[in-house]
file input.csv (CSV, C-alpha atoms)
chain,number,residue,atom,x,y,z
A,1435,MET,CA,-1.6,-69.2,8.6
A,1436,THR,CA,1.3,-68.0,6.6
A,1437,LEU,CA,2.9,-65.1,4.8
A,1438,GLU,CA,5.2,-65.4,1.8
A,1439,ILE,CA,8.3,-63.2,1.1
A,1440,LEU,CA,8.2,-62.2,-2.5
A,1441,LYS,CA,11.1,-59.8,-2.3
A,1442,PRO,CA,13.4,-59.9,0.8
A,1443,GLY,CA,14.7,-56.3,0.9
A,1444,LEU,CA,18.3,-55.8,2.0
A,1445,ALA,CA,18.5,-57.7,5.3
A,1446,THR,CA,15.0,-58.4,6.6
A,1447,THR,CA,15.0,-60.5,9.7
A,1448,VAL,CA,12.6,-62.0,12.1
A,1449,GLN,CA,13.0,-60.2,15.4
A,1450,ASP,CA,11.3,-60.0,18.8
A,1451,LEU,CA,12.7,-58.4,22.0
A,1452,GLY,CA,15.7,-60.8,22.1
A,1453,ARG,CA,17.2,-63.5,24.2
A,1454,PRO,CA,18.7,-62.1,27.4
A,1455,GLY,CA,20.7,-64.4,29.7
A,1456,TYR,CA,23.4,-65.7,27.4
A,1457,PHE,CA,25.7,-62.7,26.9
A,1458,HIS,CA,28.2,-64.2,29.4
A,1459,LEU,CA,28.4,-67.2,27.0
A,1460,GLY,CA,29.1,-64.9,24.0
A,1461,ILE,CA,25.5,-65.0,22.7
A,1462,PRO,CA,24.1,-61.5,22.3
A,1463,GLU,CA,20.7,-60.4,23.4
A,1464,GLY,CA,19.7,-59.7,19.9
A,1465,GLY,CA,16.2,-58.5,19.1
A,1466,ALA,CA,14.8,-55.4,17.5
A,1467,MET,CA,17.2,-52.5,17.1
A,1468,ASP,CA,14.3,-50.1,17.8
A,1469,ARG,CA,12.5,-51.8,20.7
A,1470,LEU,CA,9.8,-49.1,21.1
A,1471,ALA,CA,8.8,-49.4,17.5
A,1472,MET,CA,8.7,-53.2,17.7
A,1473,ARG,CA,6.6,-53.1,20.9
A,1474,ALA,CA,4.3,-50.5,19.3
A,1475,ALA,CA,3.8,-52.5,16.1
A,1476,ASN,CA,2.8,-55.6,18.2
A,1477,LEU,CA,0.5,-53.6,20.5
A,1478,LEU,CA,-1.2,-52.1,17.4
A,1479,VAL,CA,-2.2,-55.6,16.1
A,1480,GLY,CA,-3.2,-56.9,19.5
A,1481,ASN,CA,-0.1,-59.0,20.2
A,1482,ASP,CA,2.1,-59.4,23.2
A,1483,GLU,CA,4.9,-56.9,23.0
A,1484,GLY,CA,7.4,-59.7,22.8
A,1485,ALA,CA,5.8,-61.4,19.7
A,1486,ALA,CA,8.0,-61.7,16.6
A,1487,GLY,CA,7.7,-59.5,13.6
A,1488,LEU,CA,10.0,-58.5,10.7
A,1489,GLU,CA,12.7,-55.9,10.9
A,1490,ALA,CA,13.7,-54.4,7.5
A,1491,VAL,CA,16.6,-52.0,7.1
A,1492,PHE,CA,16.8,-49.3,4.5
A,1493,MET,CA,14.6,-51.2,2.0
A,1494,GLY,CA,11.2,-52.8,2.5
A,1495,PRO,CA,10.4,-56.4,1.6
A,1496,GLU,CA,7.4,-57.4,-0.6
A,1497,ILE,CA,5.0,-59.7,1.3
A,1498,LYS,CA,2.0,-61.8,0.2
A,1499,PHE,CA,-0.4,-62.7,2.9
A,1500,GLY,CA,-1.8,-66.3,3.0
A,1501,ALA,CA,-4.7,-65.5,5.3
A,1502,GLU,CA,-6.8,-62.6,6.7
A,1503,MET,CA,-4.7,-60.8,9.4
A,1504,SER,CA,-4.1,-57.5,11.1
A,1505,VAL,CA,-0.9,-55.7,10.1
A,1506,ALA,CA,1.0,-52.6,11.4
A,1507,VAL,CA,4.2,-51.0,10.3
A,1508,THR,CA,6.2,-48.7,12.6
A,1509,GLY,CA,9.7,-47.2,12.9
A,1510,ALA,CA,11.3,-45.5,9.9
A,1511,GLU,CA,9.2,-43.5,7.4
A,1512,MET,CA,8.8,-45.6,4.2
A,1513,PRO,CA,5.6,-45.2,2.1
A,1514,MET,CA,3.7,-48.5,1.6
A,1515,THR,CA,0.9,-49.9,-0.5
A,1516,LEU,CA,-1.4,-52.9,-0.2
A,1517,ASP,CA,-2.2,-54.1,-3.7
A,1518,GLY,CA,-1.2,-50.6,-4.9
A,1519,GLU,CA,-3.4,-48.7,-2.4
A,1520,PRO,CA,-1.6,-46.5,0.1
A,1521,ARG,CA,-1.6,-47.6,3.8
A,1522,THR,CA,-0.6,-45.5,6.8
A,1523,ALA,CA,2.3,-46.3,9.2
A,1524,TRP,CA,1.8,-46.6,13.0
A,1525,THR,CA,-1.8,-47.7,12.2
A,1526,ALA,CA,-3.4,-51.1,12.1
A,1527,PHE,CA,-5.0,-52.3,8.9
A,1528,THR,CA,-6.5,-55.6,7.7
A,1529,VAL,CA,-5.2,-57.7,4.9
A,1530,LYS,CA,-7.0,-60.4,2.9
A,1531,PRO,CA,-5.5,-63.7,1.6
A,1532,GLY,CA,-3.5,-63.0,-1.6
A,1533,GLN,CA,-2.9,-59.3,-0.9
A,1534,VAL,CA,0.6,-57.9,-1.4
A,1535,LEU,CA,2.3,-55.3,0.8
A,1536,SER,CA,5.1,-53.3,-0.9
A,1537,PHE,CA,7.3,-50.4,0.1
A,1538,GLY,CA,8.6,-47.3,-1.6
A,1539,PHE,CA,11.9,-45.4,-0.9
A,1540,LEU,CA,13.0,-44.8,2.6
A,1541,LYS,CA,12.3,-41.2,3.6
A,1542,GLU,CA,13.4,-40.9,7.2
A,1543,GLY,CA,15.0,-43.3,9.8
A,1544,ALA,CA,16.5,-46.6,9.0
A,1545,ARG,CA,14.4,-49.6,10.1
A,1546,ILE,CA,10.7,-50.5,9.8
A,1547,TYR,CA,8.9,-53.1,12.0
A,1548,ILE,CA,6.2,-55.2,10.5
A,1549,ALA,CA,3.9,-56.9,13.0
A,1550,VAL,CA,1.1,-59.3,12.1
A,1551,SER,CA,-1.7,-60.4,14.4
A,1552,GLY,CA,-0.6,-63.7,16.0
A,1553,GLY,CA,3.0,-62.9,15.4
A,1554,ILE,CA,5.6,-64.7,13.2
A,1555,ASP,CA,5.6,-68.2,14.6
A,1556,THR,CA,9.0,-69.6,13.6
A,1557,LYS,CA,10.7,-72.0,16.1
A,1558,PRO,CA,12.3,-70.2,19.1
A,1559,ALA,CA,16.0,-70.7,19.7
A,1560,LEU,CA,17.1,-70.2,23.3
A,1561,GLY,CA,13.8,-68.6,24.2
A,1562,SER,CA,13.6,-66.1,21.3
A,1563,ARG,CA,12.6,-66.0,17.6
A,1564,SER,CA,15.2,-63.2,17.0
A,1565,THR,CA,17.5,-63.8,14.1
A,1566,TYR,CA,21.2,-63.7,15.0
A,1567,ALA,CA,22.6,-64.2,11.6
A,1568,ILE,CA,26.3,-64.4,12.6
A,1569,GLY,CA,25.5,-67.2,15.0
A,1570,ALA,CA,22.9,-68.8,12.6
A,1571,LEU,CA,20.4,-68.7,15.4
A,1572,GLY,CA,16.7,-68.1,15.4
A,1573,GLY,CA,14.4,-66.6,12.7
A,1574,VAL,CA,14.3,-68.6,9.4
A,1575,GLU,CA,17.2,-71.1,9.6
A,1576,GLY,CA,19.2,-68.5,11.4
A,1577,ARG,CA,19.4,-66.1,8.4
A,1578,ALA,CA,17.7,-63.1,6.8
A,1579,VAL,CA,14.6,-63.9,4.9
A,1580,MET,CA,14.8,-64.8,1.2
A,1581,ALA,CA,12.4,-64.7,-1.7
A,1582,GLY,CA,10.1,-67.7,-1.6
A,1583,ASP,CA,10.3,-68.1,2.2
A,1584,VAL,CA,6.9,-69.0,3.7
A,1585,LEU,CA,6.7,-67.9,7.3
A,1586,PRO,CA,4.2,-69.4,9.8
A,1587,VAL,CA,1.9,-66.9,11.5
A,1588,GLY,CA,0.1,-67.6,14.8
A,1589,GLN,CA,-3.7,-67.7,15.1
A,1590,ALA,CA,-5.2,-64.5,16.5
A,1591,MET,CA,-8.2,-62.2,16.4
A,1592,ILE,CA,-8.5,-59.4,13.8
A,1593,VAL,CA,-8.3,-55.9,15.5
A,1594,PRO,CA,-10.3,-52.9,14.4
A,1595,GLU,CA,-8.7,-51.0,11.5
A,1596,GLY,CA,-7.4,-47.5,12.3
A,1597,ARG,CA,-6.0,-48.2,15.7
A,1598,CYS,CA,-3.0,-45.8,15.8
A,1599,VAL,CA,0.0,-44.6,17.9
A,1600,PRO,CA,-0.4,-40.7,18.2
A,1601,ALA,CA,2.4,-38.7,16.5
A,1602,GLN,CA,3.8,-37.3,19.8
A,1603,LEU,CA,4.6,-40.9,21.0
A,1604,ARG,CA,6.7,-41.8,17.9
A,1605,ARG,CA,9.9,-39.9,18.9
A,1606,PRO,CA,10.9,-38.3,15.6
A,1607,LEU,CA,14.6,-37.8,14.8
A,1608,GLU,CA,16.0,-34.2,15.3
A,1609,TYR,CA,19.2,-33.3,13.6
A,1610,PRO,CA,22.0,-33.4,14.5
A,1611,VAL,CA,20.9,-36.5,16.5
A,1612,LYS,CA,22.1,-36.3,20.1
A,1613,LEU,CA,23.3,-39.5,21.7
A,1614,ARG,CA,23.7,-39.3,25.4
A,1615,VAL,CA,26.8,-40.9,26.9
A,1616,LEU,CA,27.8,-41.9,30.4
A,1617,PRO,CA,31.7,-41.9,30.5
A,1618,GLY,CA,32.8,-45.3,31.8
A,1619,LEU,CA,35.5,-47.6,33.1
A,1620,TYR,CA,38.3,-46.6,30.7
A,1621,TRP,CA,37.5,-42.9,30.3
A,1622,HIS,CA,40.7,-42.1,32.2
A,1623,ARG,CA,42.7,-43.6,29.4
A,1624,LEU,CA,42.0,-40.5,27.2
A,1625,THR,CA,43.8,-37.2,27.6
A,1626,GLU,CA,41.7,-34.3,28.7
A,1627,LYS,CA,42.0,-32.8,25.2
A,1628,SER,CA,40.5,-36.0,23.7
A,1629,GLN,CA,37.8,-36.2,26.3
A,1630,THR,CA,36.7,-32.7,25.4
A,1631,ALA,CA,37.0,-33.3,21.6
A,1632,PHE,CA,34.9,-36.4,21.8
A,1633,PHE,CA,31.9,-34.4,22.9
A,1634,GLU,CA,32.7,-31.3,20.8
A,1635,ASP,CA,33.4,-33.0,17.4
A,1636,ASP,CA,30.8,-33.6,14.7
A,1637,TRP,CA,30.5,-37.3,13.9
A,1638,VAL,CA,28.7,-39.0,11.0
A,1639,VAL,CA,27.3,-42.6,10.8
A,1640,ALA,CA,29.7,-44.7,8.7
A,1641,PRO,CA,28.2,-46.9,6.0
A,1642,GLU,CA,29.4,-50.1,7.7
A,1643,ALA,CA,27.1,-49.6,10.7
A,1644,ASP,CA,24.9,-52.7,11.3
A,1645,ARG,CA,23.2,-54.7,14.0
A,1646,MET,CA,26.5,-55.6,15.7
A,1647,GLY,CA,27.7,-52.0,16.0
A,1648,TYR,CA,27.3,-48.5,14.8
A,1649,ARG,CA,30.5,-46.9,13.6
A,1650,PHE,CA,31.0,-43.2,13.5
A,1651,ARG,CA,33.7,-41.1,11.8
A,1652,GLY,CA,34.6,-37.4,11.3
A,1653,GLY,CA,36.0,-36.6,14.7
A,1654,GLN,CA,39.6,-36.2,15.7
A,1655,PRO,CA,41.9,-39.1,16.4
A,1656,MET,CA,42.1,-39.8,20.1
A,1657,GLU,CA,45.2,-39.3,22.3
A,1658,PHE,CA,45.8,-41.6,25.2
A,1659,VAL,CA,47.5,-41.1,28.5
A,1660,ASP,CA,50.9,-42.6,28.5
A,1661,ARG,CA,51.3,-45.9,30.4
A,1662,PRO,CA,53.3,-49.1,30.2
A,1663,GLN,CA,50.8,-51.4,28.5
A,1664,PRO,CA,49.8,-54.1,31.0
A,1665,PHE,CA,50.7,-57.7,30.4
A,1666,GLY,CA,48.4,-59.2,27.7
A,1667,ALA,CA,47.0,-55.9,26.5
A,1668,GLY,CA,48.9,-55.7,23.2
A,1669,SER,CA,50.9,-52.7,22.1
A,1670,ASP,CA,48.2,-50.3,20.8
A,1671,PRO,CA,47.2,-47.7,23.5
A,1672,SER,CA,43.5,-48.4,22.6
A,1673,ASN,CA,44.0,-52.0,23.8
A,1674,ILE,CA,43.2,-53.4,27.2
A,1675,VAL,CA,43.5,-56.7,28.9
A,1676,ASP,CA,40.4,-58.4,27.6
A,1677,GLY,CA,37.3,-57.3,29.4
A,1678,CYS,CA,33.5,-57.4,29.2
A,1679,TYR,CA,31.6,-55.2,26.8
A,1680,SER,CA,28.0,-54.0,27.5
A,1681,TYR,CA,25.1,-53.2,25.2
A,1682,GLY,CA,25.7,-49.6,24.2
A,1683,SER,CA,29.4,-49.4,25.1
A,1684,ILE,CA,31.7,-47.4,22.9
A,1685,GLN,CA,34.9,-48.9,21.7
A,1686,VAL,CA,37.4,-47.0,19.6
A,1687,PRO,CA,39.9,-49.3,17.9
A,1688,GLY,CA,43.2,-47.5,17.3
A,1689,GLY,CA,41.6,-44.4,18.8
A,1690,LEU,CA,40.1,-43.5,15.4
A,1691,GLU,CA,36.4,-44.4,14.9
A,1692,PRO,CA,34.0,-45.0,17.8
A,1693,ILE,CA,31.8,-48.0,17.5
A,1694,VAL,CA,28.6,-48.3,19.6
A,1695,LEU,CA,27.9,-51.9,20.3
A,1696,HIS,CA,24.3,-52.8,19.5
A,1697,ARG,CA,21.9,-55.8,19.7
A,1698,ASP,CA,24.1,-58.4,18.0
A,1699,ALA,CA,27.5,-57.3,19.4
A,1700,VAL,CA,30.3,-59.4,20.8
A,1701,SER,CA,30.3,-59.7,24.6
A,1702,GLY,CA,34.0,-59.0,25.3
A,1703,GLY,CA,37.4,-58.2,23.9
A,1704,GLY,CA,40.5,-56.2,24.1
A,1705,TYR,CA,39.4,-52.7,23.1
A,1706,PHE,CA,39.0,-50.0,25.7
A,1707,THR,CA,35.5,-48.6,26.0
A,1708,LEU,CA,35.3,-45.0,26.8
A,1709,GLY,CA,31.7,-45.0,28.0
A,1710,THR,CA,28.2,-46.2,27.1
A,1711,VAL,CA,25.3,-44.7,25.1
A,1712,ILE,CA,22.4,-44.6,27.6
A,1713,SER,CA,19.7,-47.2,27.2
A,1714,ALA,CA,17.1,-44.5,26.4
A,1715,ASP,CA,18.9,-43.5,23.2
A,1716,MET,CA,19.7,-47.0,21.9
A,1717,ASP,CA,16.5,-47.2,19.9
A,1718,LEU,CA,17.5,-43.9,18.1
A,1719,ILE,CA,20.7,-45.5,16.9
A,1720,GLY,CA,18.6,-48.2,15.2
A,1721,GLN,CA,17.0,-45.4,13.2
A,1722,LEU,CA,20.2,-43.8,11.9
A,1723,GLN,CA,21.1,-43.9,8.2
A,1724,PRO,CA,24.6,-43.8,6.9
A,1725,ASN,CA,26.1,-40.2,6.8
A,1726,THR,CA,23.7,-38.9,9.5
A,1727,GLN,CA,25.3,-36.2,11.6
A,1728,ILE,CA,25.3,-36.9,15.3
A,1729,LYS,CA,26.7,-35.4,18.5
A,1730,PHE,CA,27.7,-37.3,21.6
A,1731,VAL,CA,26.4,-35.5,24.7
A,1732,GLU,CA,27.8,-36.2,28.2
A,1733,VAL,CA,25.3,-37.1,31.0
A,1734,THR,CA,25.5,-38.2,34.6
A,1735,MET,CA,24.0,-41.4,36.0
A,1736,ALA,CA,21.1,-39.4,37.4
A,1737,GLU,CA,20.3,-37.9,34.0
A,1738,ALA,CA,20.6,-41.4,32.4
A,1739,LEU,CA,18.1,-42.8,34.9
A,1740,ASP,CA,15.7,-39.9,34.3
A,1741,ALA,CA,15.9,-40.5,30.6
A,1742,ARG,CA,15.1,-44.2,31.1
A,1743,ALA,CA,12.1,-43.3,33.3
A,1744,HIS,CA,10.9,-40.9,30.6
A,1745,ARG,CA,11.1,-43.7,28.0
A,1746,LYS,CA,9.1,-46.0,30.3
A,1747,GLU,CA,6.4,-43.4,30.6
A,1748,MET,CA,6.2,-43.1,26.9
A,1749,LEU,CA,5.8,-46.8,26.6
A,1750,HIS,CA,3.1,-46.8,29.3
A,1751,GLU,CA,1.3,-44.1,27.4
A,1752,ILE,CA,1.4,-46.2,24.2
A,1753,ARG,CA,0.0,-49.2,26.1
A,1754,ARG,CA,-2.7,-47.0,27.6
A,1755,VAL,CA,-3.7,-45.5,24.2
A,1756,LEU,CA,-3.9,-49.0,22.6
A,1757,SER,CA,-5.5,-50.9,25.5
B,1209,MET,CA,14.8,-39.5,-20.0
B,1210,THR,CA,14.7,-42.0,-17.2
B,1211,ASP,CA,16.3,-41.4,-13.8
B,1212,ILE,CA,18.0,-44.3,-12.2
B,1213,LEU,CA,17.4,-44.0,-8.5
B,1214,SER,CA,19.3,-45.4,-5.5
B,1215,PRO,CA,17.3,-48.1,-3.8
B,1216,LEU,CA,18.8,-47.4,-0.4
B,1217,PRO,CA,21.1,-45.0,1.4
B,1218,GLY,CA,24.9,-45.6,1.4
B,1219,THR,CA,28.0,-44.8,-0.6
B,1220,PHE,CA,27.6,-44.8,-4.4
B,1221,TYR,CA,30.4,-46.1,-6.7
B,1222,GLN,CA,30.5,-45.7,-10.4
B,1223,ARG,CA,33.1,-48.4,-10.9
B,1224,PRO,CA,33.5,-52.1,-9.7
B,1225,ALA,CA,36.9,-51.3,-8.2
B,1226,PRO,CA,39.0,-48.1,-7.8
B,1227,GLU,CA,41.4,-49.1,-10.7
B,1228,GLU,CA,38.6,-50.2,-13.1
B,1229,PRO,CA,36.7,-47.9,-15.5
B,1230,PRO,CA,33.1,-46.9,-14.7
B,1231,TYR,CA,30.3,-49.4,-15.5
B,1232,GLN,CA,28.8,-47.1,-18.1
B,1233,THR,CA,30.0,-44.3,-20.4
B,1234,LYS,CA,28.0,-41.6,-22.1
B,1235,GLY,CA,26.3,-42.8,-25.3
B,1236,ALA,CA,26.5,-46.5,-24.3
B,1237,LYS,CA,23.4,-48.7,-24.9
B,1238,VAL,CA,22.0,-49.9,-21.7
B,1239,ALA,CA,19.8,-53.0,-21.5
B,1240,VAL,CA,17.4,-54.0,-18.7
B,1241,GLY,CA,19.3,-55.5,-15.9
B,1242,ASP,CA,22.7,-53.9,-16.8
B,1243,THR,CA,24.7,-52.7,-13.8
B,1244,ILE,CA,25.0,-48.9,-13.5
B,1245,GLY,CA,27.0,-48.8,-10.2
B,1246,LEU,CA,27.2,-50.1,-6.7
B,1247,VAL,CA,25.8,-48.8,-3.4
B,1248,GLU,CA,27.8,-49.8,-0.3
B,1249,VAL,CA,26.0,-50.1,3.0
B,1250,MET,CA,26.5,-52.5,6.0
B,1251,LYS,CA,29.7,-54.0,4.5
B,1252,THR,CA,27.6,-55.1,1.4
B,1253,PHE,CA,27.9,-53.8,-2.1
B,1254,ILE,CA,24.4,-53.7,-3.8
B,1255,PRO,CA,24.4,-53.5,-7.6
B,1256,VAL,CA,22.1,-50.9,-9.1
B,1257,THR,CA,20.6,-52.1,-12.3
B,1258,ALA,CA,18.7,-50.4,-15.1
B,1259,GLU,CA,14.9,-51.2,-15.1
B,1260,THR,CA,14.4,-49.9,-18.6
B,1261,GLU,CA,16.6,-49.9,-21.7
B,1262,GLY,CA,18.1,-46.7,-23.2
B,1263,VAL,CA,21.2,-44.7,-24.0
B,1264,PHE,CA,23.4,-43.8,-21.0
B,1265,GLU,CA,23.3,-40.0,-20.6
B,1266,GLY,CA,25.7,-39.8,-17.6
B,1267,TYR,CA,26.2,-40.1,-13.9
B,1268,GLU,CA,24.4,-37.6,-11.6
B,1269,ALA,CA,26.0,-38.8,-8.4
B,1270,GLU,CA,29.7,-38.6,-8.0
B,1271,ASP,CA,31.9,-41.6,-7.5
B,1272,ALA,CA,32.3,-42.6,-3.8
B,1273,SER,CA,29.7,-40.0,-2.7
B,1274,PRO,CA,27.1,-40.5,0.0
B,1275,VAL,CA,23.5,-41.0,-1.4
B,1276,THR,CA,20.1,-41.2,0.1
B,1277,ALA,CA,17.3,-43.7,-0.9
B,1278,GLY,CA,15.6,-42.3,-4.0
B,1279,ALA,CA,18.6,-40.1,-5.0
B,1280,VAL,CA,19.2,-39.8,-8.8
B,1281,LEU,CA,22.3,-41.7,-9.6
B,1282,ALA,CA,22.3,-41.6,-13.4
B,1283,LYS,CA,20.2,-40.7,-16.4
B,1284,LEU,CA,19.1,-42.7,-19.4
B,1285,GLY,CA,18.0,-41.1,-22.7

call {"tool": "encode", "arguments": {"input": "input.csv", "output": "structure tokens"}}
result
Amino acid sequence: MTLEILKPGLATTVQDLGRPGYFHLGIPEGGAMDRLAMRAANLLVGNDEGAAGLEAVFMGPEIKFGAEMSVAVTGAEMPMTLDGEPRTAWTAFTVKPGQVLSFGFLKEGARIYIAVSGGIDTKPALGSRSTYAIGALGGVEGRAVMAGDVLPVGQAMIVPEGRCVPAQLRRPLEYPVKLRVLPGLYWHRLTEKSQTAFFEDDWVVAPEADRMGYRFRGGQPMEFVDRPQPFGAGSDPSNIVDGCYSYGSIQVPGGLEPIVLHRDAVSGGGYFTLGTVISADMDLIGQLQPNTQIKFVEVTMAEALDARAHRKEMLHEIRRVLS
Amino acid sequence: MTDILSPLPGTFYQRPAPEEPPYQTKGAKVAVGDTIGLVEVMKTFIPVTAETEGVFEGYEAEDASPVTAGAVLAKLG
């Protein structure tokens, strides 16, 4: 079974839940930017949550199906049609050979997830089908899909049409979007004034934001506590002796624009990281359009763990509804 | 009148480079496929092209301004 890409969209890639275990070697986890949406799309069509689907950012692809299969689209709000007939998001539907799925203008959010029953069956690389374009790893020849690509699809049963994730389990965006942050290892490098300003300032998503990192601008430049720079750290006060970065950590090169490291980020370097966006809010970042207003909100470790537990409950509820 | 819409969110530019003139001027004849401007997102500049022919009526979106998907960038007469 196959599907054919007629139009690729902007940067549509094959993604699953990623390849953990290689970050210490510089290979990021990768995988869907909005993991809940990816899992939900897979569950809707009867797949394992870790099956591969397509992640499309800002613009939908146009896809021609080569066989009968179940399809579900989750994540951002982007109207879609099958052979010109509207289809509903977060809901399974069946496609017939030769039918074409197309998308209209993005209305809300940033990334859609397209799952097909059986999953996209490209060759795994280091245990995952996720595309890591900078490392030319996974997906279709390690790159975003192009017009004319024919992607293999696994064999699977068709699921009943109309299976759906209820609206209250889709986590809509509320503006300004609040991203919860746990201050981290290098928080002490900022002056008290800058620590306060970071959480009080209004930030907007910069247009360069991508799968490696989400950049924000609009807040005040940061001031650092004076210190003699340690050996090997470089002269800028935002530099440190090279250290490890974590998924979600916030670096601020030159103290100017915070960058939240996301699924395809580098694993280490010489910028100080003031803290980390909590895991429960990383999916939200994957749904931010350029110029969206956000606030960073300080939380404690206990609050971060509560939020994580809450996200897990939401996923359990989705699994229960679709089981 | 035909609206030319932004295919995706980002920053709209009327000109190929800051020191260059805009792609189109009022009254110019526009053919299918002619570039109207650029939308920058994720470190990529995406050309916005005319899907119908017509006479250029003017830009609706300012140079270097943020736009959403579906926003009207320019009008063709």

call {"tool": "interface_residues", "arguments": {"input": "input.csv", "of": "chain A", "to": "chain B", "cutoff": "8 Å", "atoms": "all atoms listed in the file", "output": "PDB file with C-alpha atoms, in the frame of the given file"}}
result
ATOM      1  CA  PHE A1492      16.800 -49.300   4.500  1.00  0.00           C
ATOM      2  CA  MET A1493      14.600 -51.200   2.000  1.00  0.00           C
ATOM      3  CA  PHE A1539      11.900 -45.400  -0.900  1.00  0.00           C
ATOM      4  CA  LEU A1540      13.000 -44.800   2.600  1.00  0.00           C
ATOM      5  CA  LYS A1541      12.300 -41.200   3.600  1.00  0.00           C
ATOM      6  CA  PRO A1641      28.200 -46.900   6.000  1.00  0.00           C
ATOM      7  CA  GLU A1642      29.400 -50.100   7.700  1.00  0.00           C
ATOM      8  CA  ALA A1643      27.100 -49.600  10.700  1.00  0.00           C
ATOM      9  CA  ASP A1644      24.900 -52.700  11.300  1.00  0.00           C
ATOM     10  CA  GLN A1723      21.100 -43.900   8.200  1.00  0.00           C
ATOM     11  CA  PRO A1724      24.600 -43.800   6.900  1.00  0.00           C
ATOM     12  CA  ASN A1725      26.100 -40.200   6.800  1.00  0.00           C
TER      13      ASN A1725
END

call {"tool": "atom_distance", "arguments": {"input": "input.csv", "atom1": "CA of Ala1743 (chain A)", "atom2": "CA of Met1646 (chain A)"}}
result
25.9 Å

call {"tool": "atom_distance", "arguments": {"input": "input.csv", "atom1": "CA of Trp1621 (chain A)", "atom2": "CA of Ala1640 (chain A)"}}
result
23.0 Å

call {"tool": "residues_around", "arguments": {"input": "input.csv", "residues": "Gly1494 (chain A)", "least_positions_apart": "4", "cutoff": "10 Å", "atoms": "only C-alpha atoms", "output": "PyMOL selection string"}}
result
(chain A and resi 1441-1446+1489-1490+1512-1514+1535-1540+1545-1548) or (chain B and resi 1215-1216)

call {"tool": "residues_around", "arguments": {"input": "input.csv", "residues": "region 1467-1475 of chain A", "least_positions_apart": "5", "cutoff": "9 Å", "atoms": "all atoms listed in the file", "output": "MDAnalysis selection string"}}
result
chainID A and resid 1449:1451 1480:1489 1505:1510 1524:1526 1545:1550 1599 1604 1645 1696:1697 1716:1721 1745 1749 1752:1753 1756

call {"tool": "residues_around", "arguments": {"input": "input.csv", "residues": "Ala1282 (chain B)", "least_positions_apart": "5", "cutoff": "9 Å", "atoms": "only C-alpha atoms", "output": "mmCIF file with C-alpha atoms, in the frame of the given file"}}
result
data_model
loop_
_atom_site.group_PDB
_atom_site.id
_atom_site.type_symbol
_atom_site.label_atom_id
_atom_site.label_comp_id
_atom_site.auth_asym_id
_atom_site.auth_seq_id
_atom_site.Cartn_x
_atom_site.Cartn_y
_atom_site.Cartn_z
ATOM 1 C CA THR B 1210 14.700 -42.000 -17.200
ATOM 2 C CA ASP B 1211 16.300 -41.400 -13.800
ATOM 3 C CA ILE B 1212 18.000 -44.300 -12.200
ATOM 4 C CA LEU B 1213 17.400 -44.000 -8.500
ATOM 5 C CA ILE B 1244 25.000 -48.900 -13.500
ATOM 6 C CA PHE B 1264 23.400 -43.800 -21.000
ATOM 7 C CA GLU B 1265 23.300 -40.000 -20.600
ATOM 8 C CA GLY B 1266 25.700 -39.800 -17.600
ATOM 9 C CA TYR B 1267 26.200 -40.100 -13.900
ATOM 10 C CA GLU B 1268 24.400 -37.600 -11.600
ATOM 11 C CA ALA B 1269 26.000 -38.800 -8.400
#

call {"tool": "atom_distance", "arguments": {"input": "input.csv", "atom1": "CA of Gln1629 (chain A)", "atom2": "CA of Gln1663 (chain A)"}}
result
20.1 Å

call {"tool": "residues_around", "arguments": {"input": "input.csv", "residues": "region 1574-1577 of chain A", "least_positions_apart": "2", "cutoff": "8 Å", "atoms": "all atoms listed in the file", "output": "PyMOL selection string"}}
result
chain A and resi 1447-1448+1556+1565-1567+1569-1572+1579+1585

call {"tool": "residues_around", "arguments": {"input": "input.csv", "residues": "Leu1437 (chain A)", "least_positions_apart": "6", "cutoff": "8 Å", "atoms": "only C-alpha atoms", "output": "ChimeraX atom specification"}}
result
/A:1497-1501,1584-1587

call {"tool": "decode", "arguments": {"input": "input.csv", "residues": "region 1229-1236 of chain B", "atoms": "N, CA and C atoms", "output": "tab-separated table (two decimals), in the first residue's frame"}}
result
chain	number	residue	atom	x	y	z
B	1229	PRO	N	13.42	47.81	-5.47
B	1229	PRO	CA	12.03	48.28	-5.54
B	1229	PRO	C	11.06	47.12	-5.30
B	1230	PRO	N	9.78	47.44	-4.98
B	1230	PRO	CA	8.78	46.38	-4.79
B	1230	PRO	C	8.62	45.55	-6.07
B	1231	TYR	N	8.18	44.31	-5.90
B	1231	TYR	CA	7.95	43.42	-7.05
B	1231	TYR	C	6.97	44.02	-8.04
B	1232	GLN	N	5.90	44.66	-7.52
B	1232	GLN	CA	4.84	45.16	-8.40
B	1232	GLN	C	4.54	46.63	-8.09
B	1233	THR	N	4.08	47.35	-9.12
B	1233	THR	CA	3.63	48.73	-8.90
B	1233	THR	C	2.22	48.85	-9.45
B	1234	LYS	N	1.50	49.82	-8.93
B	1234	LYS	CA	0.10	50.01	-9.31
B	1234	LYS	C	-0.01	50.20	-10.83
B	1235	GLY	N	-0.94	49.48	-11.42
B	1235	GLY	CA	-1.16	49.60	-12.87
B	1235	GLY	C	-0.38	48.60	-13.69
B	1236	ALA	N	0.55	47.88	-13.06
B	1236	ALA	CA	1.37	46.91	-13.81
B	1236	ALA	C	0.53	45.71	-14.20
